[in-house]
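Peer 1: The structure follows.
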Amino acid sequence: MNIKKHIPNTITCGNLFCGCLGIVFAFKGDLTFATYLLWLAMVLDFFDGFAARMLKVSSPIGKELDSLADMVTFGVLPSVIMFHLIGSYSDHEYLPFAAFIIAIFSALRLAKFNIDDRQQSVFIGLPTPANALFISSFAFIVASDYGGFVNTGVLLAISVVFSLLLIAPVELFA
């Protein structure tokens with residue numbers, strides 16, 4: 001049995017585990033720890049691909065597993081973080097649900113990435129980890145001296161604009 005072929009997928013599962021834990025902590029209201037878990041998952045996401053290339057063990061199932069893990073960690077988790085942030089600034093009961101546009105467009109972005117042969121040396125659209133990094137940073141911004149500019153309108157605008165950037169036909173360095 002060749003164990004080295006399982007190393008990248010094990011790292012990917014670590015990414016997924018961090019995303020699942022992050023969602024739990026975000027729903028409990030601990031956005032700081034949820035953000036740290038997202039950032040740890042981002043490191044694991046880098047190293048799973050790095051390990052697959054270094055060990056020369058990439059596979060179609062590894063690519064699909066990576067996308068599924070990324071959907072949870074970089075799609076659903078930032079949506080839940082934004083859901084709580086909007087909810088903390090808004091009195092409207094249903095307005096925070098608009099944050100889940102991030103998860104929807106993240107799914108579209110990841111699906112497009114998997115079937116688009118042009119995205120070997122460039123990304124077309126904002127990568128989901130970069131989007132998640134930006135959105136998760138608001139867990140710290142709202143508690144800082146710069147949190148004064150954050151309000152419901154800003155958070156909703158960020159949710160919509162960055163969701164659209166995920167699928168925008170803009171080439172970015174890969």
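We name chains A, B, ... following the order of the structure tokens; residues begin at 1 in each chain, and ligands are numbered from 1 as shown.
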So that each row is one residue of range 40-128 of chain A with an atom at most 10 Å from range 138-150 of chain A, can you give its shortest atom pair and the distance in Å to one decimal, using only C-alpha atoms, rows by chain and rising number, as CSV?
Peer 2:
residue,atom,partner,partner_atom,distance
A:Ile81,CA,A:Ala139,CA,7.5
A:Met82,CA,A:Phe138,CA,8.3
A:His84,CA,A:Ala139,CA,9.5
A:Leu85,CA,A:Ala139,CA,7.6
A:Ile86,CA,A:Val150,CA,9.7
A:Tyr89,CA,A:Val150,CA,8.6
Peer 1: Store the residues of this selection in a file with all heavy atoms, as an mmCIF file, in the first residue's frame.
Peer 2:
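The result, stored in out-v8.cif:
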data_model
loop_
_atom_site.group_PDB
_atom_site.id
_atom_site.type_symbol
_atom_site.label_atom_id
_atom_site.label_comp_id
_atom_site.auth_asym_id
_atom_site.auth_seq_id
_atom_site.Cartn_x
_atom_site.Cartn_y
_atom_site.Cartn_z
ATOM 1 N N ILE A 81 -20.241 33.724 8.830
ATOM 2 C CA ILE A 81 -19.615 34.872 9.502
ATOM 3 C C ILE A 81 -20.342 36.156 9.114
ATOM 4 O O ILE A 81 -20.710 36.969 9.970
ATOM 5 C CB ILE A 81 -18.110 34.946 9.171
ATOM 6 C CG1 ILE A 81 -17.370 33.782 9.840
ATOM 7 C CG2 ILE A 81 -17.515 36.295 9.592
ATOM 8 C CD1 ILE A 81 -15.911 33.628 9.408
ATOM 9 N N MET A 82 -20.585 36.340 7.819
ATOM 10 C CA MET A 82 -21.277 37.549 7.359
ATOM 11 C C MET A 82 -22.718 37.575 7.862
ATOM 12 O O MET A 82 -23.235 38.639 8.216
ATOM 13 C CB MET A 82 -21.229 37.642 5.832
ATOM 14 C CG MET A 82 -21.783 38.933 5.291
ATOM 15 S SD MET A 82 -20.906 40.423 5.831
ATOM 16 C CE MET A 82 -19.526 40.440 4.695
ATOM 17 N N HIS A 84 -23.820 36.530 10.701
ATOM 18 C CA HIS A 84 -23.782 37.039 12.077
ATOM 19 C C HIS A 84 -23.418 38.517 12.131
ATOM 20 O O HIS A 84 -23.965 39.255 12.959
ATOM 21 C CB HIS A 84 -22.822 36.214 12.927
ATOM 22 C CG HIS A 84 -23.449 34.951 13.409
ATOM 23 N ND1 HIS A 84 -24.295 34.898 14.482
ATOM 24 C CD2 HIS A 84 -23.379 33.686 12.935
ATOM 25 C CE1 HIS A 84 -24.713 33.662 14.660
ATOM 26 N NE2 HIS A 84 -24.170 32.907 13.726
ATOM 27 N N LEU A 85 -22.522 38.944 11.262
ATOM 28 C CA LEU A 85 -22.159 40.357 11.257
ATOM 29 C C LEU A 85 -23.342 41.231 10.844
ATOM 30 O O LEU A 85 -23.635 42.239 11.498
ATOM 31 C CB LEU A 85 -20.965 40.597 10.325
ATOM 32 C CG LEU A 85 -19.630 40.044 10.803
ATOM 33 C CD1 LEU A 85 -18.576 40.167 9.709
ATOM 34 C CD2 LEU A 85 -19.167 40.754 12.072
ATOM 35 N N ILE A 86 -24.024 40.849 9.771
ATOM 36 C CA ILE A 86 -25.194 41.622 9.338
ATOM 37 C C ILE A 86 -26.256 41.600 10.434
ATOM 38 O O ILE A 86 -26.870 42.623 10.740
ATOM 39 C CB ILE A 86 -25.753 41.098 7.996
ATOM 40 C CG1 ILE A 86 -24.744 41.342 6.870
ATOM 41 C CG2 ILE A 86 -27.096 41.766 7.668
ATOM 42 C CD1 ILE A 86 -25.091 40.648 5.560
ATOM 43 N N TYR A 89 -25.834 44.133 13.152
ATOM 44 C CA TYR A 89 -26.044 45.541 12.787
ATOM 45 C C TYR A 89 -27.478 45.832 12.341
ATOM 46 O O TYR A 89 -27.840 46.984 12.182
ATOM 47 C CB TYR A 89 -25.092 45.950 11.658
ATOM 48 C CG TYR A 89 -23.685 46.167 12.118
ATOM 49 C CD1 TYR A 89 -22.758 45.131 12.095
ATOM 50 C CD2 TYR A 89 -23.279 47.407 12.598
ATOM 51 C CE1 TYR A 89 -21.460 45.330 12.527
ATOM 52 C CE2 TYR A 89 -21.979 47.615 13.038
ATOM 53 C CZ TYR A 89 -21.076 46.566 13.000
ATOM 54 O OH TYR A 89 -19.796 46.768 13.441
#
Peer 1: Tell me which protein, DNA and RNA residues are within 8 Å of Trp39 in chain A, counting only C-alpha atoms, leaving out same-chain ones fewer than 4 positions away, and put them as an mmCIF file with C-alpha atoms, in the first residue's frame.
Peer 2:
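Result file is around-v4.cif:
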data_model
loop_
_atom_site.group_PDB
_atom_site.id
_atom_site.type_symbol
_atom_site.label_atom_id
_atom_site.label_comp_id
_atom_site.auth_asym_id
_atom_site.auth_seq_id
_atom_site.Cartn_x
_atom_site.Cartn_y
_atom_site.Cartn_z
ATOM 1 C CA THR A 35 -11.877 33.157 11.524
ATOM 2 C CA VAL A 43 -2.810 27.097 5.019
ATOM 3 C CA LEU A 133 -9.924 35.893 3.750
#
Peer 1: Kindly indicate which residue among A:Phe50, A:Asn15, A:Val57, A:Thr32 lies nearest to Asn2 in chain A, using only C-alpha atoms for the distances.
Peer 2: A:Val57
Peer 1: If you run DSSP on the backbone here, which positions in chain A get helix (DSSP H, G or I)? Please write them as an NGL selection string.
Peer 2: :A and (3-27 or 31-55 or 60-89 or 95-115 or 128-136 or 138-141 or 147-149 or 152-167)
Peer 1: Would you list the contacts of Gly87 in chain A as a PyMOL selection string, taking every protein, DNA or RNA residue within 10 Å and counting only C-alpha atoms, but skipping same-chain residues closer than 4 positions in sequence?
Peer 2: chain A and resi 81-83+91-97+99+152
Peer 1: Please, could you write that set of residues out with all heavy atoms as a short mmCIF file (atom, residue, chain, number, x, y, z; two decimals), in the first residue's frame?
Peer 2:
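So result39.cif came out as:
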data_model
loop_
_atom_site.label_atom_id
_atom_site.label_comp_id
_atom_site.auth_asym_id
_atom_site.auth_seq_id
_atom_site.Cartn_x
_atom_site.Cartn_y
_atom_site.Cartn_z
N ILE A 81 -20.24 33.72 8.83
CA ILE A 81 -19.61 34.87 9.50
C ILE A 81 -20.34 36.16 9.11
O ILE A 81 -20.71 36.97 9.97
CB ILE A 81 -18.11 34.95 9.17
CG1 ILE A 81 -17.37 33.78 9.84
CG2 ILE A 81 -17.52 36.30 9.59
CD1 ILE A 81 -15.91 33.63 9.41
N MET A 82 -20.58 36.34 7.82
CA MET A 82 -21.28 37.55 7.36
C MET A 82 -22.72 37.57 7.86
O MET A 82 -23.23 38.64 8.22
CB MET A 82 -21.23 37.64 5.83
CG MET A 82 -21.78 38.93 5.29
SD MET A 82 -20.91 40.42 5.83
CE MET A 82 -19.53 40.44 4.70
N PHE A 83 -23.37 36.43 7.92
CA PHE A 83 -24.73 36.32 8.46
C PHE A 83 -24.78 36.92 9.88
O PHE A 83 -25.65 37.71 10.21
CB PHE A 83 -25.16 34.85 8.47
CG PHE A 83 -26.46 34.58 9.17
CD1 PHE A 83 -27.67 34.71 8.49
CD2 PHE A 83 -26.48 34.16 10.49
CE1 PHE A 83 -28.87 34.44 9.13
CE2 PHE A 83 -27.68 33.90 11.14
CZ PHE A 83 -28.88 34.04 10.45
N ASP A 91 -31.79 45.28 12.45
CA ASP A 91 -32.98 44.88 13.22
C ASP A 91 -33.93 44.04 12.38
O ASP A 91 -34.91 43.51 12.90
CB ASP A 91 -33.73 46.13 13.71
CG ASP A 91 -32.94 46.90 14.74
OD1 ASP A 91 -32.10 46.30 15.43
OD2 ASP A 91 -33.14 48.13 14.84
N HIS A 92 -33.65 43.93 11.09
CA HIS A 92 -34.51 43.15 10.19
C HIS A 92 -34.25 41.66 10.41
O HIS A 92 -33.11 41.21 10.35
CB HIS A 92 -34.25 43.52 8.74
CG HIS A 92 -34.64 44.92 8.42
ND1 HIS A 92 -33.80 45.98 8.66
CD2 HIS A 92 -35.78 45.45 7.89
CE1 HIS A 92 -34.40 47.11 8.29
NE2 HIS A 92 -35.60 46.81 7.82
N GLU A 93 -35.29 40.92 10.60
CA GLU A 93 -35.17 39.50 10.92
C GLU A 93 -34.57 38.67 9.79
O GLU A 93 -33.78 37.75 10.02
CB GLU A 93 -36.56 38.94 11.28
CG GLU A 93 -36.55 37.51 11.72
CD GLU A 93 -37.94 37.02 12.11
OE1 GLU A 93 -38.90 37.82 12.08
OE2 GLU A 93 -38.05 35.83 12.43
N TYR A 94 -34.92 39.01 8.54
CA TYR A 94 -34.52 38.18 7.41
C TYR A 94 -33.34 38.74 6.62
O TYR A 94 -32.76 38.04 5.79
CB TYR A 94 -35.70 37.94 6.47
CG TYR A 94 -36.82 37.20 7.16
CD1 TYR A 94 -38.02 37.85 7.47
CD2 TYR A 94 -36.67 35.88 7.51
CE1 TYR A 94 -39.04 37.17 8.11
CE2 TYR A 94 -37.69 35.19 8.16
CZ TYR A 94 -38.86 35.84 8.46
OH TYR A 94 -39.86 35.16 9.11
N LEU A 95 -32.96 39.97 6.85
CA LEU A 95 -31.87 40.59 6.09
C LEU A 95 -30.54 39.84 6.20
O LEU A 95 -29.83 39.72 5.20
CB LEU A 95 -31.71 42.05 6.52
CG LEU A 95 -30.90 42.94 5.61
CD1 LEU A 95 -31.48 42.97 4.20
CD2 LEU A 95 -30.85 44.36 6.18
N PRO A 96 -30.18 39.31 7.36
CA PRO A 96 -28.91 38.58 7.44
C PRO A 96 -28.79 37.39 6.48
O PRO A 96 -27.69 37.01 6.08
CB PRO A 96 -28.86 38.11 8.89
CG PRO A 96 -29.69 39.10 9.63
CD PRO A 96 -30.80 39.46 8.68
N PHE A 97 -29.93 36.84 6.06
CA PHE A 97 -29.89 35.70 5.14
C PHE A 97 -29.31 36.06 3.78
O PHE A 97 -28.91 35.19 3.02
CB PHE A 97 -31.28 35.08 4.99
CG PHE A 97 -31.73 34.35 6.23
CD1 PHE A 97 -32.59 34.97 7.13
CD2 PHE A 97 -31.28 33.07 6.51
CE1 PHE A 97 -33.00 34.32 8.28
CE2 PHE A 97 -31.67 32.41 7.66
CZ PHE A 97 -32.53 33.03 8.56
N ALA A 99 -26.56 37.16 3.31
CA ALA A 99 -25.15 36.77 3.35
C ALA A 99 -24.89 35.45 2.63
O ALA A 99 -23.77 35.20 2.17
CB ALA A 99 -24.68 36.66 4.81
N THR A 152 -24.85 47.96 8.25
CA THR A 152 -25.60 46.97 7.47
C THR A 152 -25.40 47.17 5.97
O THR A 152 -25.17 46.20 5.23
CB THR A 152 -27.11 47.06 7.80
OG1 THR A 152 -27.27 46.90 9.20
CG2 THR A 152 -27.89 45.98 7.08
#
Peer 1: Pick out the closest residue to Leu126 in chain A from this set: A:Ser58, A:Phe105, A:Lys28, A:Asn114. Count only C-alpha atoms.
Peer 2: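 The closest residue to Leu126 in chain A is A:Phe105.
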Peer 1: Residues near Met71 in chain A, anyone? I mean within 8 Å using only C-alpha atoms, not counting same-chain ones fewer than 6 positions away, as a PDB file with C-alpha atoms, in the first residue's frame.
Peer 2:
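The resulting file, around.pdb, is reproduced below:
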ATOM      1  CA  ALA A 103     -22.037  30.550  -0.568  1.00  0.00           C
ATOM      2  CA  SER A 106     -18.678  30.423  -4.261  1.00  0.00           C
ATOM      3  CA  ALA A 107     -20.321  27.229  -5.523  1.00  0.00           C
ATOM      4  CA  LEU A 110     -15.717  26.429  -7.838  1.00  0.00           C
TER       5      LEU A 110
END
Peer 1: Could you pull the residues within 6 Å of range 163-166 of chain A, counting only C-alpha atoms, minus those fewer than 2 positions along the same chain, as a PyMOL selection string?
Peer 2: chain A and resi 102+105+109+125-126+159-161+168
Peer 1: Within 12 Å of Leu65 in chain A, counting only C-alpha atoms, which residues qualify if same-chain residues fewer than 4 places away don't, as a list in words?
Peer 2: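 Answer for this query is Pro8, Asn9, Thr10, Ile11, Thr12, Cys13, Gly14, Asn15, Leu16, Asp45, Asp48, Gly49, Ser58, Ser59, Pro60, Ile61, Ala69, Asp70, Met71, Val72, Leu110 and Asn114 of chain A.
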Peer 1: Rank A:Lys112, A:Phe25, A:Thr73, A:Leu55 by their smallest atom-to-atom distance to Ala41 in chain A, using only C-alpha atoms, and report the top residue only.
Peer 2: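 That would be A:Thr73, the residue with the smallest distance to Ala41 in chain A.
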Peer 1: Could you go through chain A and tell me which residues DSSP, when run on the backbone, assigns to strand (DSSP E or B), listing them as JSON, numbers by chain?
Peer 2: {"A": [122, 123, 124, 171, 172, 173]}
Peer 1: Any chance you could export the current selection's N, CA, C and O atoms as a PDB file, in the first residue's frame?
Peer 2:
ATOM      1  N   VAL A 122      -3.669  31.232 -14.786  1.00  0.00           N
ATOM      2  CA  VAL A 122      -4.364  32.410 -14.261  1.00  0.00           C
ATOM      3  C   VAL A 122      -5.677  31.947 -13.646  1.00  0.00           C
ATOM      4  O   VAL A 122      -6.198  30.884 -13.973  1.00  0.00           O
ATOM      5  N   PHE A 123      -6.194  32.755 -12.733  1.00  0.00           N
ATOM      6  CA  PHE A 123      -7.549  32.554 -12.224  1.00  0.00           C
ATOM      7  C   PHE A 123      -8.459  33.504 -12.962  1.00  0.00           C
ATOM      8  O   PHE A 123      -8.094  34.644 -13.210  1.00  0.00           O
ATOM      9  N   ILE A 124      -9.641  33.039 -13.311  1.00  0.00           N
ATOM     10  CA  ILE A 124     -10.647  33.913 -13.909  1.00  0.00           C
ATOM     11  C   ILE A 124     -11.720  34.096 -12.837  1.00  0.00           C
ATOM     12  O   ILE A 124     -12.451  33.165 -12.507  1.00  0.00           O
ATOM     13  N   GLU A 171      -9.120  38.219 -15.289  1.00  0.00           N
ATOM     14  CA  GLU A 171      -7.976  37.332 -15.062  1.00  0.00           C
ATOM     15  C   GLU A 171      -7.121  37.861 -13.923  1.00  0.00           C
ATOM     16  O   GLU A 171      -6.778  39.038 -13.864  1.00  0.00           O
ATOM     17  N   LEU A 172      -6.786  36.946 -13.011  1.00  0.00           N
ATOM     18  CA  LEU A 172      -5.935  37.262 -11.875  1.00  0.00           C
ATOM     19  C   LEU A 172      -4.765  36.292 -11.853  1.00  0.00           C
ATOM     20  O   LEU A 172      -4.879  35.141 -12.278  1.00  0.00           O
ATOM     21  N   PHE A 173      -3.655  36.732 -11.299  1.00  0.00           N
ATOM     22  CA  PHE A 173      -2.460  35.903 -11.204  1.00  0.00           C
ATOM     23  C   PHE A 173      -2.735  34.666 -10.371  1.00  0.00           C
ATOM     24  O   PHE A 173      -3.340  34.738  -9.309  1.00  0.00           O
TER      25      PHE A 173
END
